[in-house]
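Scroll down for the structure; my scribbles are underneath it.
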Amino acid sequence: MSKAIVSSLYDSDVFRMACRQFDKAADAISLPEAIRDRTKYPRRCLAVSLPVKRRDGSVTVFEGYRVQHNLSTGPSKGGIRFHQHVTLGEVAALAMWMSWKTSLVGLPYGGAKGGVIVNPSELTESELEHLSRRYMQEMVNFVGPHVDVPAPDVGTNEKIMAWMMDTYSNHVGHVASAVVTGKPIALGGSQGRREATGAGVAYLTKKYLEDLKLPVNKATAVIQGFGNVGSETALALSNYGAKIIAISDYTGAVYNPKGIDLNKALTYVRYQKTLHDFDGGEPISNDALLELKCTVLAPCALERVITDKNAAKLKCRVLAEGANGPTTNAADKIIEERGDIELIPDVLCNSGGVIVSYFEWLQNLSNYYWGRDEVLQKLFGMLDKAKDAVDAQKRKFKFSRRLAALTLGIQRVADAKQSRGLFP
Ligand code: GLU
């Protein structure tokens with residue numbers, strides 16, 4: 001039998017990390033060779049050059065990507081990241097994780113991800129609008145409500161989704177709200193979408209604390225990253241009664257054992273853009289933040305921050321992965337061997353975002369809109385179901401919780417591919 005050609009296109013630390021996770025899960029469920037590579041590798045990708053006229057009259061060409069990992073069970077789904085360190089390999093890894101995530105929680109989607117190599121904070125509002133519109137213009141024939149449905153991710157937001165929806169709608173000649181999710185409410189965005197990822201992270205964290213008989217109102221939490229996911233996780237945990245003792249962003253971290261005043265921090269970030277010089281606690285390093293003693297540590301920023309260098313030094317009881325891929329394979333192994341940390345894996349922990357994106361898409365397609373309570377109630381119901389399935393799989397096969405979640409997600413994708421057969 002000929003071996004699959006392993007593409008060098010996506011090769012990078014983070015893509016190799018996602019592949020190793022897949023291989024381990026595929027071995028654990030004895031996934032047949034004939035279906036493995038088809039399930040593992042991204043289906044297709046598009047790389048685009050995005051020229052943008054700058055305020056001084058010059059033109060900068062940005063590079064953007066969209067990777068569609070799997071389209072076997074419905075349109076592919078996943079955010080678009082605007083960040084200066086985006087690579088095609090990273091986008092491919094994130095697309096792969098979207099496949100397992102949507103499949104695990106039972107959404108009729110495959111996985112995808114997009115990215116543009118840009119630091120959005122260095123652009124004016126109008127440059128950002130041109131870049132966002134140009135990205136969607138290039139994607140017009142690659143995405144669509146029944147093909148691939150983008151959403152926000154790190155560095156993108158409702159406003160950007162609105163520009164993209166407008167660009168796509170102008171192209172097709174009618175309002176196409178279901179082409180992206182995470183839109184403003186006025187354009188068909190869903191109630192509860194903005195806070196959905198953080199609300200889900202906090203809800204699952206509370207559930208796992210209950211399983212451990214640790215009352216959430218006595219818990220302390222450390223939040224790494226204070227963007228949409230980090231700040232909404234912090235707010236929701238604090239509404240449950242937990243004390244947020246440290247927060248951070250890429251400019252540094254702040255520690256306050258009495259509890260961070262979150263409203264003050266949010267107001268500060270709204271005006272200053274970062275937490276730099278925020279005086280709500282003692283400044284500490286980003287590395288020190290991860291090693292603070294706490295009940296809950298929630299990495300809510302980028303990939304690969306919990307590594308073999310710090311995994312042995314973590315002092316949390318629950319590790320809630322708000323980010324995608326925050327824990328390296330080596331760190332996973334250390335955490336498993338330690339056995340004293342409950343890890344809520346990314347594909348489960350942060351799935352609230354894409355679940356409410358699914359609700360948004362359903363509302364757009366039916367032109368019938370739900371209230372916030374209904375959205376949140378349905379979200380928590382789906383999270384409960386996914387949590388129960390993951391924990392049953394964990395017990396049944398004595399897997400780590402990550403392996404339990406990945407095997408469930410991967411098995412369902414592989415089953416769908418198997419049932420569809422291979423086009424001759
Ligand atoms: N970017 C988010 C994620 O990583 C949301 C994706 C979506 O809503 O489609 O899950």
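Residues are referred to by chain and number: the chain letter is A, B, ... according to the order shown in the structure tokens, the number counts from 1 in that chain, and ligands are numbered separately from 1 in the order shown.
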When you look at Thr181 (chain A) with a cut-off of 12 Å (counting only C-alpha atoms), what residues show up, excluding the ones that are within fewer than 4 positions of it in the same chain? I need them as an mmCIF file with all heavy atoms, in the first residue's frame.
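Just written: selection_11.cif:
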```cif
data_model
loop_
_atom_site.group_PDB
_atom_site.id
_atom_site.type_symbol
_atom_site.label_atom_id
_atom_site.label_comp_id
_atom_site.auth_asym_id
_atom_site.auth_seq_id
_atom_site.Cartn_x
_atom_site.Cartn_y
_atom_site.Cartn_z
ATOM 1 N N LYS A 77 -16.662 25.590 9.505
ATOM 2 C CA LYS A 77 -16.943 26.695 10.433
ATOM 3 C C LYS A 77 -15.694 27.012 11.216
ATOM 4 O O LYS A 77 -14.983 26.104 11.661
ATOM 5 C CB LYS A 77 -18.058 26.218 11.388
ATOM 6 C CG LYS A 77 -18.601 27.289 12.298
ATOM 7 C CD LYS A 77 -19.688 28.115 11.635
ATOM 8 C CE LYS A 77 -20.033 29.368 12.406
ATOM 9 N NZ LYS A 77 -19.046 30.459 12.196
ATOM 10 N N GLY A 78 -15.452 28.292 11.427
ATOM 11 C CA GLY A 78 -14.310 28.686 12.255
ATOM 12 C C GLY A 78 -13.957 30.144 12.059
ATOM 13 O O GLY A 78 -14.320 30.755 11.045
ATOM 14 N N GLY A 79 -13.254 30.687 13.023
ATOM 15 C CA GLY A 79 -12.983 32.121 13.046
ATOM 16 C C GLY A 79 -11.910 32.567 12.065
ATOM 17 O O GLY A 79 -11.294 31.771 11.362
ATOM 18 N N ILE A 80 -11.717 33.889 12.036
ATOM 19 C CA ILE A 80 -10.632 34.513 11.266
ATOM 20 C C ILE A 80 -9.770 35.282 12.256
ATOM 21 O O ILE A 80 -10.279 36.105 13.023
ATOM 22 C CB ILE A 80 -11.180 35.490 10.201
ATOM 23 C CG1 ILE A 80 -12.074 34.752 9.206
ATOM 24 C CG2 ILE A 80 -10.028 36.188 9.475
ATOM 25 C CD1 ILE A 80 -12.842 35.687 8.275
ATOM 26 N N GLY A 144 -19.406 30.824 2.115
ATOM 27 C CA GLY A 144 -20.835 30.966 1.832
ATOM 28 C C GLY A 144 -21.636 30.267 2.914
ATOM 29 O O GLY A 144 -21.104 29.372 3.581
ATOM 30 N N PRO A 145 -22.907 30.648 3.072
ATOM 31 C CA PRO A 145 -23.714 30.078 4.159
ATOM 32 C C PRO A 145 -23.779 28.549 4.155
ATOM 33 O O PRO A 145 -23.982 27.949 5.195
ATOM 34 C CB PRO A 145 -25.105 30.665 3.904
ATOM 35 C CG PRO A 145 -24.867 31.910 3.123
ATOM 36 C CD PRO A 145 -23.634 31.680 2.310
ATOM 37 N N ASP A 148 -18.793 27.525 3.828
ATOM 38 C CA ASP A 148 -17.833 27.784 4.911
ATOM 39 C C ASP A 148 -18.264 29.095 5.564
ATOM 40 O O ASP A 148 -18.470 30.092 4.861
ATOM 41 C CB ASP A 148 -16.420 27.900 4.324
ATOM 42 C CG ASP A 148 -15.358 28.208 5.377
ATOM 43 O OD1 ASP A 148 -15.641 28.044 6.581
ATOM 44 O OD2 ASP A 148 -14.246 28.612 4.976
ATOM 45 N N VAL A 149 -18.428 29.080 6.873
ATOM 46 C CA VAL A 149 -19.009 30.228 7.587
ATOM 47 C C VAL A 149 -17.999 30.778 8.603
ATOM 48 O O VAL A 149 -17.843 30.235 9.697
ATOM 49 C CB VAL A 149 -20.315 29.803 8.307
ATOM 50 C CG1 VAL A 149 -20.986 31.010 8.958
ATOM 51 C CG2 VAL A 149 -21.275 29.106 7.351
ATOM 52 N N PRO A 150 -17.290 31.852 8.264
ATOM 53 C CA PRO A 150 -16.324 32.449 9.194
ATOM 54 C C PRO A 150 -16.980 33.119 10.410
ATOM 55 O O PRO A 150 -18.199 33.297 10.467
ATOM 56 C CB PRO A 150 -15.588 33.477 8.349
ATOM 57 C CG PRO A 150 -15.824 33.093 6.937
ATOM 58 C CD PRO A 150 -17.197 32.475 6.931
ATOM 59 N N ALA A 151 -16.140 33.498 11.346
ATOM 60 C CA ALA A 151 -16.584 34.109 12.612
ATOM 61 C C ALA A 151 -15.388 34.856 13.199
ATOM 62 O O ALA A 151 -14.292 34.773 12.663
ATOM 63 C CB ALA A 151 -17.046 33.009 13.569
ATOM 64 N N PRO A 152 -15.583 35.555 14.311
ATOM 65 C CA PRO A 152 -14.417 36.231 14.919
ATOM 66 C C PRO A 152 -13.468 35.247 15.599
ATOM 67 O O PRO A 152 -13.855 34.141 15.972
ATOM 68 C CB PRO A 152 -15.047 37.156 15.976
ATOM 69 C CG PRO A 152 -16.516 37.144 15.750
ATOM 70 C CD PRO A 152 -16.833 35.880 15.030
ATOM 71 N N ASP A 153 -12.238 35.665 15.735
ATOM 72 C CA ASP A 153 -11.227 34.947 16.520
ATOM 73 C C ASP A 153 -10.309 36.036 17.089
ATOM 74 O O ASP A 153 -10.710 37.215 17.114
ATOM 75 C CB ASP A 153 -10.489 33.943 15.613
ATOM 76 C CG ASP A 153 -9.670 32.925 16.407
ATOM 77 O OD1 ASP A 153 -10.261 31.993 16.966
ATOM 78 O OD2 ASP A 153 -8.438 33.088 16.487
ATOM 79 N N THR A 156 -10.151 39.899 15.740
ATOM 80 C CA THR A 156 -11.310 40.299 14.923
ATOM 81 C C THR A 156 -12.531 40.413 15.827
ATOM 82 O O THR A 156 -12.535 39.874 16.937
ATOM 83 C CB THR A 156 -11.579 39.297 13.772
ATOM 84 O OG1 THR A 156 -11.709 37.989 14.332
ATOM 85 C CG2 THR A 156 -10.478 39.310 12.741
ATOM 86 N N ASN A 157 -13.548 41.116 15.351
ATOM 87 C CA ASN A 157 -14.703 41.381 16.213
ATOM 88 C C ASN A 157 -15.978 41.581 15.386
ATOM 89 O O ASN A 157 -15.973 41.400 14.169
ATOM 90 C CB ASN A 157 -14.421 42.618 17.075
ATOM 91 C CG ASN A 157 -14.033 43.819 16.204
ATOM 92 O OD1 ASN A 157 -14.391 43.896 15.033
ATOM 93 N ND2 ASN A 157 -13.298 44.753 16.776
ATOM 94 N N GLU A 158 -17.039 41.996 16.066
ATOM 95 C CA GLU A 158 -18.344 42.194 15.413
ATOM 96 C C GLU A 158 -18.272 43.156 14.237
ATOM 97 O O GLU A 158 -18.894 42.946 13.207
ATOM 98 C CB GLU A 158 -19.330 42.812 16.413
ATOM 99 C CG GLU A 158 -19.793 41.864 17.460
ATOM 100 C CD GLU A 158 -20.660 42.557 18.510
ATOM 101 O OE1 GLU A 158 -21.060 43.723 18.334
ATOM 102 O OE2 GLU A 158 -20.933 41.898 19.524
ATOM 103 N N LYS A 159 -17.532 44.234 14.441
ATOM 104 C CA LYS A 159 -17.462 45.261 13.404
ATOM 105 C C LYS A 159 -16.863 44.680 12.120
ATOM 106 O O LYS A 159 -17.347 44.927 11.010
ATOM 107 C CB LYS A 159 -16.585 46.412 13.938
ATOM 108 C CG LYS A 159 -16.788 47.703 13.201
ATOM 109 C CD LYS A 159 -15.786 48.741 13.587
ATOM 110 C CE LYS A 159 -15.989 49.295 14.981
ATOM 111 N NZ LYS A 159 -14.897 50.217 15.367
ATOM 112 N N ILE A 160 -15.812 43.885 12.297
ATOM 113 C CA ILE A 160 -15.145 43.264 11.145
ATOM 114 C C ILE A 160 -16.091 42.276 10.468
ATOM 115 O O ILE A 160 -16.173 42.198 9.232
ATOM 116 C CB ILE A 160 -13.807 42.621 11.599
ATOM 117 C CG1 ILE A 160 -12.829 43.738 11.974
ATOM 118 C CG2 ILE A 160 -13.232 41.695 10.524
ATOM 119 C CD1 ILE A 160 -11.500 43.277 12.530
ATOM 120 N N MET A 161 -16.863 41.536 11.274
ATOM 121 C CA MET A 161 -17.831 40.593 10.696
ATOM 122 C C MET A 161 -18.893 41.355 9.891
ATOM 123 O O MET A 161 -19.353 40.887 8.855
ATOM 124 C CB MET A 161 -18.494 39.747 11.784
ATOM 125 C CG MET A 161 -17.546 38.800 12.499
ATOM 126 S SD MET A 161 -16.642 37.709 11.357
ATOM 127 C CE MET A 161 -14.944 38.234 11.645
ATOM 128 N N ALA A 162 -19.276 42.543 10.386
ATOM 129 C CA ALA A 162 -20.286 43.343 9.677
ATOM 130 C C ALA A 162 -19.750 43.762 8.303
ATOM 131 O O ALA A 162 -20.449 43.653 7.292
ATOM 132 C CB ALA A 162 -20.649 44.580 10.501
ATOM 133 N N TRP A 163 -18.492 44.226 8.257
ATOM 134 C CA TRP A 163 -17.902 44.621 6.961
ATOM 135 C C TRP A 163 -17.838 43.423 6.015
ATOM 136 O O TRP A 163 -18.088 43.545 4.813
ATOM 137 C CB TRP A 163 -16.481 45.185 7.170
ATOM 138 C CG TRP A 163 -16.442 46.510 7.869
ATOM 139 C CD1 TRP A 163 -17.349 47.533 7.749
ATOM 140 C CD2 TRP A 163 -15.429 46.970 8.789
ATOM 141 N NE1 TRP A 163 -16.965 48.597 8.537
ATOM 142 C CE2 TRP A 163 -15.792 48.284 9.179
ATOM 143 C CE3 TRP A 163 -14.254 46.420 9.303
ATOM 144 C CZ2 TRP A 163 -15.019 49.036 10.072
ATOM 145 C CZ3 TRP A 163 -13.486 47.161 10.182
ATOM 146 C CH2 TRP A 163 -13.872 48.453 10.572
ATOM 147 N N MET A 164 -17.505 42.277 6.573
ATOM 148 C CA MET A 164 -17.380 41.086 5.714
ATOM 149 C C MET A 164 -18.745 40.650 5.193
ATOM 150 O O MET A 164 -18.889 40.285 4.036
ATOM 151 C CB MET A 164 -16.694 39.956 6.487
ATOM 152 C CG MET A 164 -15.233 40.248 6.754
ATOM 153 S SD MET A 164 -14.374 38.813 7.386
ATOM 154 C CE MET A 164 -12.698 39.436 7.449
ATOM 155 N N MET A 165 -19.745 40.699 6.061
ATOM 156 C CA MET A 165 -21.099 40.325 5.652
ATOM 157 C C MET A 165 -21.588 41.289 4.566
ATOM 158 O O MET A 165 -22.194 40.886 3.573
ATOM 159 C CB MET A 165 -22.012 40.355 6.883
ATOM 160 C CG MET A 165 -23.471 40.124 6.620
ATOM 161 S SD MET A 165 -24.285 41.715 6.298
ATOM 162 C CE MET A 165 -25.975 41.260 6.410
ATOM 163 N N ALA A 176 -27.040 38.428 2.845
ATOM 164 C CA ALA A 176 -26.649 37.041 3.142
ATOM 165 C C ALA A 176 -26.097 37.010 4.569
ATOM 166 O O ALA A 176 -24.900 36.833 4.776
ATOM 167 C CB ALA A 176 -25.614 36.559 2.139
ATOM 168 N N SER A 177 -26.986 37.190 5.546
ATOM 169 C CA SER A 177 -26.481 37.281 6.932
ATOM 170 C C SER A 177 -25.782 36.010 7.382
ATOM 171 O O SER A 177 -24.853 36.059 8.175
ATOM 172 C CB SER A 177 -27.597 37.644 7.916
ATOM 173 O OG SER A 177 -28.852 37.497 7.376
ATOM 174 N N ILE A 185 -25.851 42.676 16.572
ATOM 175 C CA ILE A 185 -27.262 42.272 16.659
ATOM 176 C C ILE A 185 -28.076 42.904 15.505
ATOM 177 O O ILE A 185 -28.936 42.263 14.915
ATOM 178 C CB ILE A 185 -27.878 42.710 18.014
ATOM 179 C CG1 ILE A 185 -27.062 42.162 19.194
ATOM 180 C CG2 ILE A 185 -29.368 42.338 18.110
ATOM 181 C CD1 ILE A 185 -27.360 40.771 19.648
ATOM 182 N N LEU A 187 -27.413 43.368 12.558
ATOM 183 C CA LEU A 187 -27.262 42.705 11.246
ATOM 184 C C LEU A 187 -27.575 41.221 11.326
ATOM 185 O O LEU A 187 -27.143 40.441 10.475
ATOM 186 C CB LEU A 187 -25.829 42.885 10.736
ATOM 187 C CG LEU A 187 -25.451 44.265 10.238
ATOM 188 C CD1 LEU A 187 -24.012 44.261 9.744
ATOM 189 C CD2 LEU A 187 -26.384 44.698 9.116
ATOM 190 N N GLY A 188 -28.296 40.819 12.380
ATOM 191 C CA GLY A 188 -28.624 39.391 12.490
ATOM 192 C C GLY A 188 -27.694 38.639 13.416
ATOM 193 O O GLY A 188 -27.694 37.401 13.418
ATOM 194 N N GLY A 189 -26.898 39.354 14.206
ATOM 195 C CA GLY A 189 -26.083 38.683 15.222
ATOM 196 C C GLY A 189 -26.992 38.088 16.282
ATOM 197 O O GLY A 189 -28.132 38.522 16.433
ATOM 198 N N SER A 190 -26.481 37.091 16.999
ATOM 199 C CA SER A 190 -27.327 36.461 18.026
ATOM 200 C C SER A 190 -27.127 37.120 19.379
ATOM 201 O O SER A 190 -26.015 37.504 19.742
ATOM 202 C CB SER A 190 -26.983 34.980 18.158
ATOM 203 O OG SER A 190 -27.770 34.401 19.175
ATOM 204 N N GLN A 191 -28.222 37.199 20.107
ATOM 205 C CA GLN A 191 -28.119 37.534 21.534
ATOM 206 C C GLN A 191 -27.136 36.535 22.147
ATOM 207 O O GLN A 191 -27.182 35.350 21.833
ATOM 208 C CB GLN A 191 -29.478 37.347 22.225
ATOM 209 C CG GLN A 191 -30.572 38.249 21.722
ATOM 210 C CD GLN A 191 -30.394 39.686 22.174
ATOM 211 O OE1 GLN A 191 -29.634 39.972 23.099
ATOM 212 N NE2 GLN A 191 -31.086 40.591 21.507
ATOM 213 N N GLY A 192 -26.278 37.028 22.999
ATOM 214 C CA GLY A 192 -25.402 36.118 23.740
ATOM 215 C C GLY A 192 -24.166 35.656 22.997
ATOM 216 O O GLY A 192 -23.328 34.984 23.573
ATOM 217 N N ARG A 193 -23.984 36.002 21.705
ATOM 218 C CA ARG A 193 -22.814 35.498 20.979
ATOM 219 C C ARG A 193 -21.519 36.116 21.494
ATOM 220 O O ARG A 193 -20.514 35.444 21.618
ATOM 221 C CB ARG A 193 -22.941 35.750 19.462
ATOM 222 C CG ARG A 193 -21.675 35.363 18.658
ATOM 223 C CD ARG A 193 -21.365 33.881 18.772
ATOM 224 N NE ARG A 193 -20.115 33.460 18.140
ATOM 225 C CZ ARG A 193 -18.930 33.449 18.739
ATOM 226 N NH1 ARG A 193 -18.783 33.888 19.992
ATOM 227 N NH2 ARG A 193 -17.872 33.010 18.100
ATOM 228 N N ARG A 194 -21.562 37.435 21.806
ATOM 229 C CA ARG A 194 -20.326 38.094 22.208
ATOM 230 C C ARG A 194 -19.727 37.445 23.458
ATOM 231 O O ARG A 194 -18.533 37.215 23.547
ATOM 232 C CB ARG A 194 -20.558 39.581 22.459
ATOM 233 C CG ARG A 194 -19.261 40.341 22.629
ATOM 234 C CD ARG A 194 -19.463 41.776 23.048
ATOM 235 N NE ARG A 194 -20.244 42.526 22.079
ATOM 236 C CZ ARG A 194 -20.746 43.739 22.337
ATOM 237 N NH1 ARG A 194 -20.554 44.305 23.501
ATOM 238 N NH2 ARG A 194 -21.433 44.376 21.419
ATOM 239 N N GLY A 353 -18.478 29.304 22.034
ATOM 240 C CA GLY A 353 -18.451 30.304 20.957
ATOM 241 C C GLY A 353 -19.070 29.755 19.684
ATOM 242 O O GLY A 353 -19.990 30.350 19.114
ATOM 243 N N VAL A 354 -18.585 28.603 19.260
ATOM 244 C CA VAL A 354 -19.102 28.070 17.994
ATOM 245 C C VAL A 354 -20.521 27.523 18.168
ATOM 246 O O VAL A 354 -21.312 27.527 17.211
ATOM 247 C CB VAL A 354 -18.120 27.045 17.367
ATOM 248 C CG1 VAL A 354 -18.089 25.732 18.124
ATOM 249 C CG2 VAL A 354 -18.487 26.809 15.904
ATOM 250 N N ILE A 355 -20.887 27.122 19.374
ATOM 251 C CA ILE A 355 -22.274 26.664 19.588
ATOM 252 C C ILE A 355 -23.235 27.839 19.364
ATOM 253 O O ILE A 355 -24.228 27.710 18.630
ATOM 254 C CB ILE A 355 -22.459 26.055 21.000
ATOM 255 C CG1 ILE A 355 -21.678 24.735 21.128
ATOM 256 C CG2 ILE A 355 -23.945 25.814 21.290
ATOM 257 C CD1 ILE A 355 -21.693 24.102 22.514
ATOM 258 N N VAL A 356 -22.912 28.993 19.943
ATOM 259 C CA VAL A 356 -23.826 30.128 19.736
ATOM 260 C C VAL A 356 -23.694 30.673 18.304
ATOM 261 O O VAL A 356 -24.655 31.195 17.742
ATOM 262 C CB VAL A 356 -23.668 31.202 20.832
ATOM 263 C CG1 VAL A 356 -24.590 32.395 20.558
ATOM 264 C CG2 VAL A 356 -23.999 30.599 22.196
ATOM 265 N N SER A 357 -22.545 30.480 17.672
ATOM 266 C CA SER A 357 -22.442 30.802 16.237
ATOM 267 C C SER A 357 -23.426 29.947 15.442
ATOM 268 O O SER A 357 -24.066 30.422 14.502
ATOM 269 C CB SER A 357 -21.029 30.515 15.716
ATOM 270 O OG SER A 357 -20.192 31.616 15.921
ATOM 271 N N TYR A 358 -23.530 28.692 15.816
ATOM 272 C CA TYR A 358 -24.494 27.796 15.156
ATOM 273 C C TYR A 358 -25.915 28.320 15.359
ATOM 274 O O TYR A 358 -26.701 28.389 14.412
ATOM 275 C CB TYR A 358 -24.315 26.383 15.730
ATOM 276 C CG TYR A 358 -25.417 25.406 15.392
ATOM 277 C CD1 TYR A 358 -25.736 25.101 14.066
ATOM 278 C CD2 TYR A 358 -26.149 24.770 16.404
ATOM 279 C CE1 TYR A 358 -26.751 24.190 13.767
ATOM 280 C CE2 TYR A 358 -27.153 23.863 16.113
ATOM 281 C CZ TYR A 358 -27.454 23.582 14.781
ATOM 282 O OH TYR A 358 -28.451 22.690 14.485
ATOM 283 N N PHE A 359 -26.225 28.751 16.579
ATOM 284 C CA PHE A 359 -27.557 29.314 16.839
ATOM 285 C C PHE A 359 -27.789 30.556 15.972
ATOM 286 O O PHE A 359 -28.875 30.773 15.449
ATOM 287 C CB PHE A 359 -27.726 29.692 18.322
ATOM 288 C CG PHE A 359 -27.634 28.525 19.281
ATOM 289 C CD1 PHE A 359 -27.372 28.737 20.635
ATOM 290 C CD2 PHE A 359 -27.822 27.218 18.863
ATOM 291 C CE1 PHE A 359 -27.300 27.678 21.537
ATOM 292 C CE2 PHE A 359 -27.747 26.142 19.741
ATOM 293 C CZ PHE A 359 -27.478 26.381 21.083
ATOM 294 N N GLU A 360 -26.738 31.364 15.852
ATOM 295 C CA GLU A 360 -26.863 32.584 15.034
ATOM 296 C C GLU A 360 -27.174 32.221 13.583
ATOM 297 O O GLU A 360 -28.057 32.806 12.947
ATOM 298 C CB GLU A 360 -25.564 33.407 15.124
ATOM 299 C CG GLU A 360 -25.597 34.688 14.311
ATOM 300 C CD GLU A 360 -24.380 35.586 14.561
ATOM 301 O OE1 GLU A 360 -23.822 35.574 15.678
ATOM 302 O OE2 GLU A 360 -23.975 36.307 13.632
ATOM 303 N N TRP A 361 -26.457 31.251 13.067
ATOM 304 C CA TRP A 361 -26.632 30.786 11.676
ATOM 305 C C TRP A 361 -28.054 30.247 11.476
ATOM 306 O O TRP A 361 -28.714 30.560 10.492
ATOM 307 C CB TRP A 361 -25.573 29.720 11.434
ATOM 308 C CG TRP A 361 -25.478 29.082 10.098
ATOM 309 C CD1 TRP A 361 -24.957 29.616 8.959
ATOM 310 C CD2 TRP A 361 -25.849 27.722 9.773
ATOM 311 N NE1 TRP A 361 -24.977 28.670 7.956
ATOM 312 C CE2 TRP A 361 -25.516 27.509 8.422
ATOM 313 C CE3 TRP A 361 -26.404 26.667 10.496
ATOM 314 C CZ2 TRP A 361 -25.735 26.289 7.771
ATOM 315 C CZ3 TRP A 361 -26.622 25.453 9.861
ATOM 316 C CH2 TRP A 361 -26.300 25.274 8.516
ATOM 317 N N LEU A 362 -28.527 29.462 12.453
ATOM 318 C CA LEU A 362 -29.898 28.929 12.372
ATOM 319 C C LEU A 362 -30.911 30.075 12.342
ATOM 320 O O LEU A 362 -31.867 30.052 11.553
ATOM 321 C CB LEU A 362 -30.222 28.062 13.598
ATOM 322 C CG LEU A 362 -29.597 26.684 13.698
ATOM 323 C CD1 LEU A 362 -30.068 26.011 14.987
ATOM 324 C CD2 LEU A 362 -29.985 25.837 12.500
ATOM 325 N N GLN A 363 -30.716 31.073 13.206
ATOM 326 C CA GLN A 363 -31.635 32.215 13.263
ATOM 327 C C GLN A 363 -31.607 32.980 11.939
ATOM 328 O O GLN A 363 -32.642 33.401 11.433
ATOM 329 C CB GLN A 363 -31.266 33.126 14.436
ATOM 330 C CG GLN A 363 -31.478 32.468 15.803
ATOM 331 C CD GLN A 363 -30.895 33.310 16.942
ATOM 332 O OE1 GLN A 363 -31.465 34.310 17.350
ATOM 333 N NE2 GLN A 363 -29.743 32.900 17.456
ATOM 334 N N ASN A 364 -30.408 33.135 11.353
ATOM 335 C CA ASN A 364 -30.297 33.834 10.070
ATOM 336 C C ASN A 364 -31.011 33.068 8.972
ATOM 337 O O ASN A 364 -31.726 33.655 8.160
ATOM 338 C CB ASN A 364 -28.819 34.003 9.671
ATOM 339 C CG ASN A 364 -28.042 34.882 10.617
ATOM 340 O OD1 ASN A 364 -26.832 34.727 10.769
ATOM 341 N ND2 ASN A 364 -28.707 35.808 11.290
ATOM 342 N N LEU A 365 -30.826 31.753 8.939
ATOM 343 C CA LEU A 365 -31.423 30.962 7.862
ATOM 344 C C LEU A 365 -32.949 30.921 7.970
ATOM 345 O O LEU A 365 -33.649 30.817 6.973
ATOM 346 C CB LEU A 365 -30.861 29.532 7.859
ATOM 347 C CG LEU A 365 -29.383 29.401 7.471
ATOM 348 C CD1 LEU A 365 -28.935 27.946 7.545
ATOM 349 C CD2 LEU A 365 -29.120 29.951 6.075
#
```
Near Ala95 (chain A), counting only C-alpha atoms, which residues have an atom at most 12 Å away, once you skip same-chain residues fewer than 4 positions from it, shown as a PyMOL selection string? chain A and resi 10+14-15+18-19+40-45+65-71+76-81+88-91+99-102+109-115+148+150+153+324-325+347
Might you pull out every residue within 10 Å of Tyr250 (chain A), with only C-alpha atoms counted and same-chain residues fewer than 5 positions away left off, and present them as a PyMOL selection string? chain A and resi 224-226+274-276+286+301
How about saving the chosen residues, N, CA, C and O atoms kept, as an mmCIF file, in the first residue's frame?
```cif
data_model
loop_
_atom_site.group_PDB
_atom_site.id
_atom_site.type_symbol
_atom_site.label_atom_id
_atom_site.label_comp_id
_atom_site.auth_asym_id
_atom_site.auth_seq_id
_atom_site.Cartn_x
_atom_site.Cartn_y
_atom_site.Cartn_z
ATOM 1 N N GLN A 224 -5.311 34.180 31.864
ATOM 2 C CA GLN A 224 -4.239 34.611 30.964
ATOM 3 C C GLN A 224 -4.868 35.066 29.655
ATOM 4 O O GLN A 224 -5.513 34.275 28.963
ATOM 5 N N GLY A 225 -4.718 36.347 29.320
ATOM 6 C CA GLY A 225 -5.361 36.903 28.122
ATOM 7 C C GLY A 225 -6.602 37.657 28.540
ATOM 8 O O GLY A 225 -7.414 37.145 29.303
ATOM 9 N N PHE A 226 -6.740 38.895 28.058
ATOM 10 C CA PHE A 226 -7.888 39.709 28.473
ATOM 11 C C PHE A 226 -8.587 40.276 27.241
ATOM 12 O O PHE A 226 -9.053 41.405 27.237
ATOM 13 N N THR A 274 -4.522 48.335 26.185
ATOM 14 C CA THR A 274 -3.848 47.194 26.812
ATOM 15 C C THR A 274 -3.883 47.369 28.333
ATOM 16 O O THR A 274 -4.295 48.415 28.840
ATOM 17 N N LEU A 275 -3.399 46.338 29.039
ATOM 18 C CA LEU A 275 -3.355 46.401 30.509
ATOM 19 C C LEU A 275 -2.073 47.059 31.020
ATOM 20 O O LEU A 275 -1.868 47.164 32.232
ATOM 21 N N HIS A 276 -1.215 47.506 30.099
ATOM 22 C CA HIS A 276 0.062 48.107 30.478
ATOM 23 C C HIS A 276 -0.150 49.241 31.492
ATOM 24 O O HIS A 276 -0.936 50.150 31.238
ATOM 25 N N ASN A 286 4.410 37.620 32.905
ATOM 26 C CA ASN A 286 3.448 36.682 32.316
ATOM 27 C C ASN A 286 3.769 35.241 32.711
ATOM 28 O O ASN A 286 2.855 34.435 32.894
ATOM 29 N N ALA A 301 -5.574 32.942 25.595
ATOM 30 C CA ALA A 301 -4.954 33.755 24.547
ATOM 31 C C ALA A 301 -4.525 32.870 23.379
ATOM 32 O O ALA A 301 -5.367 32.351 22.668
#
```
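The interatomic distance for the pair CA of Met136 (chain A) and CA of Tyr168 (chain A) works out to 6.7 Å.
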Residues within 6 Å of Ile260 (chain A), only C-alpha atoms, excluding chain neighbours under 4 positions, as number ranges by chain: A: 244-245, 256
